[in-house]
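Chemist: The structure's right below; bear with me while I get my questions together.
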Amino acid sequence: MTRIRELRWPAAGAGLAAAAVAEAVLRADGPGEALPLALVLDVSATLPLVLLRGTGDRPDAPGASGASGHGPAAAVTITVAALAATLLHRGPALAGSAALLAVWAALARRRILRRRAEAAARDASRRAAEHTLLAHTARGERARIARELHDVVAHHISMISVQAETARLAVPGMPAEGSERLLAIGDTARTALTEMRRLLGVLREDAGEPGGAPDRRPQPGLQQLLDLIDETRDGAGAAARLIVAGPVAALDPGVELTAYRIVQEALTNARRHAPGAAVDVELAYTGEELRLAVRDNGPGPGRILGVLATPDDSRGCQ
């Protein structure tokens, strides 16, 4: 099919040129100087159609860019020669008129196709830009939601868990039913924290920077307390130390995360309300529970900024 299209214009030019020669001979008044001039004009009005060879019907076809410069030249040559042949013959030059219509129709069709191709390319570029902008907007919104969940919701749920467990132990003589309900509240809050961590992982992966790997670091636990205390010591310029007593045992990740957040909040409170005071973070592992205490030596009565105790079955924080 491509080969046939490439041969179409040369064949048309050659055929019309042969018809133009026959027309010039038939319409010549007789032997003399008019016949050679008529032959030149009629052939010039038809043969330039071969210059359209290789342009094809598509503006993006191979050879279209190179042959597009020949099309206007062929159209101008055919137009001038056809008008001159019409004057010479004192009537329409049939072959030249056919070539004139063909060349201008081809140029008009090619221009329309080129305009359509350019419009399609612009539309595709605009759609791609809109899709990219929408994707960036969606990633930004997912990142904002992840920050809100992490900074606000997760913190409050963690505090609900801690306060429910603390209330269960701090109120003496609490009925067993009330203690069980507070324990259920703490378990529900810890389950919600676990599910929220999974959701945050998905949101942060979707909102990752283009070309960069998502942050897959695990949630902090008791093993990261040394780094937290070092950061406090370097940032506040005050003494801070970690004291561990008893055999260290692995705890549920939710319990360790809660303990880490308690220490983090307590260190923030110490830095805010007792700047420059030394802070001790004490972890005491026993056979049945983990006790956590954070103290500072700032002015005023001795204060315990946070206390945590958890049974060894890793059900939650107390």
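Chain labels A, B, ... are given in the sequence in which chains occur in the structure tokens; within each chain residues are numbered consecutively from 1, and ligands are likewise numbered from 1 in the order shown.
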With region 98-106 of chain A as the partner and 12 Å as the cut-off, tabulate the residues of region 13-32 of chain A that qualify, each row holding the nearest pair of atoms and their distance in Å to one decimal, using only C-alpha atoms, sorted by chain and rising number, as JSON lines.

Modeler:
{"residue": "A:Gly13", "atom": "CA", "partner": "A:Ala99", "partner_atom": "CA", "distance": 7.7}
{"residue": "A:Ala14", "atom": "CA", "partner": "A:Ala99", "partner_atom": "CA", "distance": 10.7}
{"residue": "A:Gly15", "atom": "CA", "partner": "A:Ala99", "partner_atom": "CA", "distance": 10.2}
{"residue": "A:Leu16", "atom": "CA", "partner": "A:Ala99", "partner_atom": "CA", "distance": 7.1}
{"residue": "A:Ala17", "atom": "CA", "partner": "A:Ala99", "partner_atom": "CA", "distance": 9.1}
{"residue": "A:Ala19", "atom": "CA", "partner": "A:Ala98", "partner_atom": "CA", "distance": 10.5}
{"residue": "A:Ala20", "atom": "CA", "partner": "A:Ala99", "partner_atom": "CA", "distance": 9.9}

Chemist: Please identify which residues in region 5-254 of chain A DSSP calls alpha helix (DSSP H) from the backbone, and express them as number ranges by chain.

Modeler: A: 5-27, 34-44, 64-67, 70-89, 94-148, 154-170, 176-206, 225-236, 253-254

Chemist: Taking the backbone alone, and naming residues the way the document does, which bits of region 219-276 of chain A are strand (DSSP E) by DSSP, as a ChimeraX atom specification?

Modeler: /A:240-245

Chemist: Find the distance between CA of Glu148 (chain A) and CA of Leu183 (chain A) and write it in Å to one decimal.

Modeler: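 We find that CA of Glu148 (chain A) and CA of Leu183 (chain A) lie 27.0 Å from each other.
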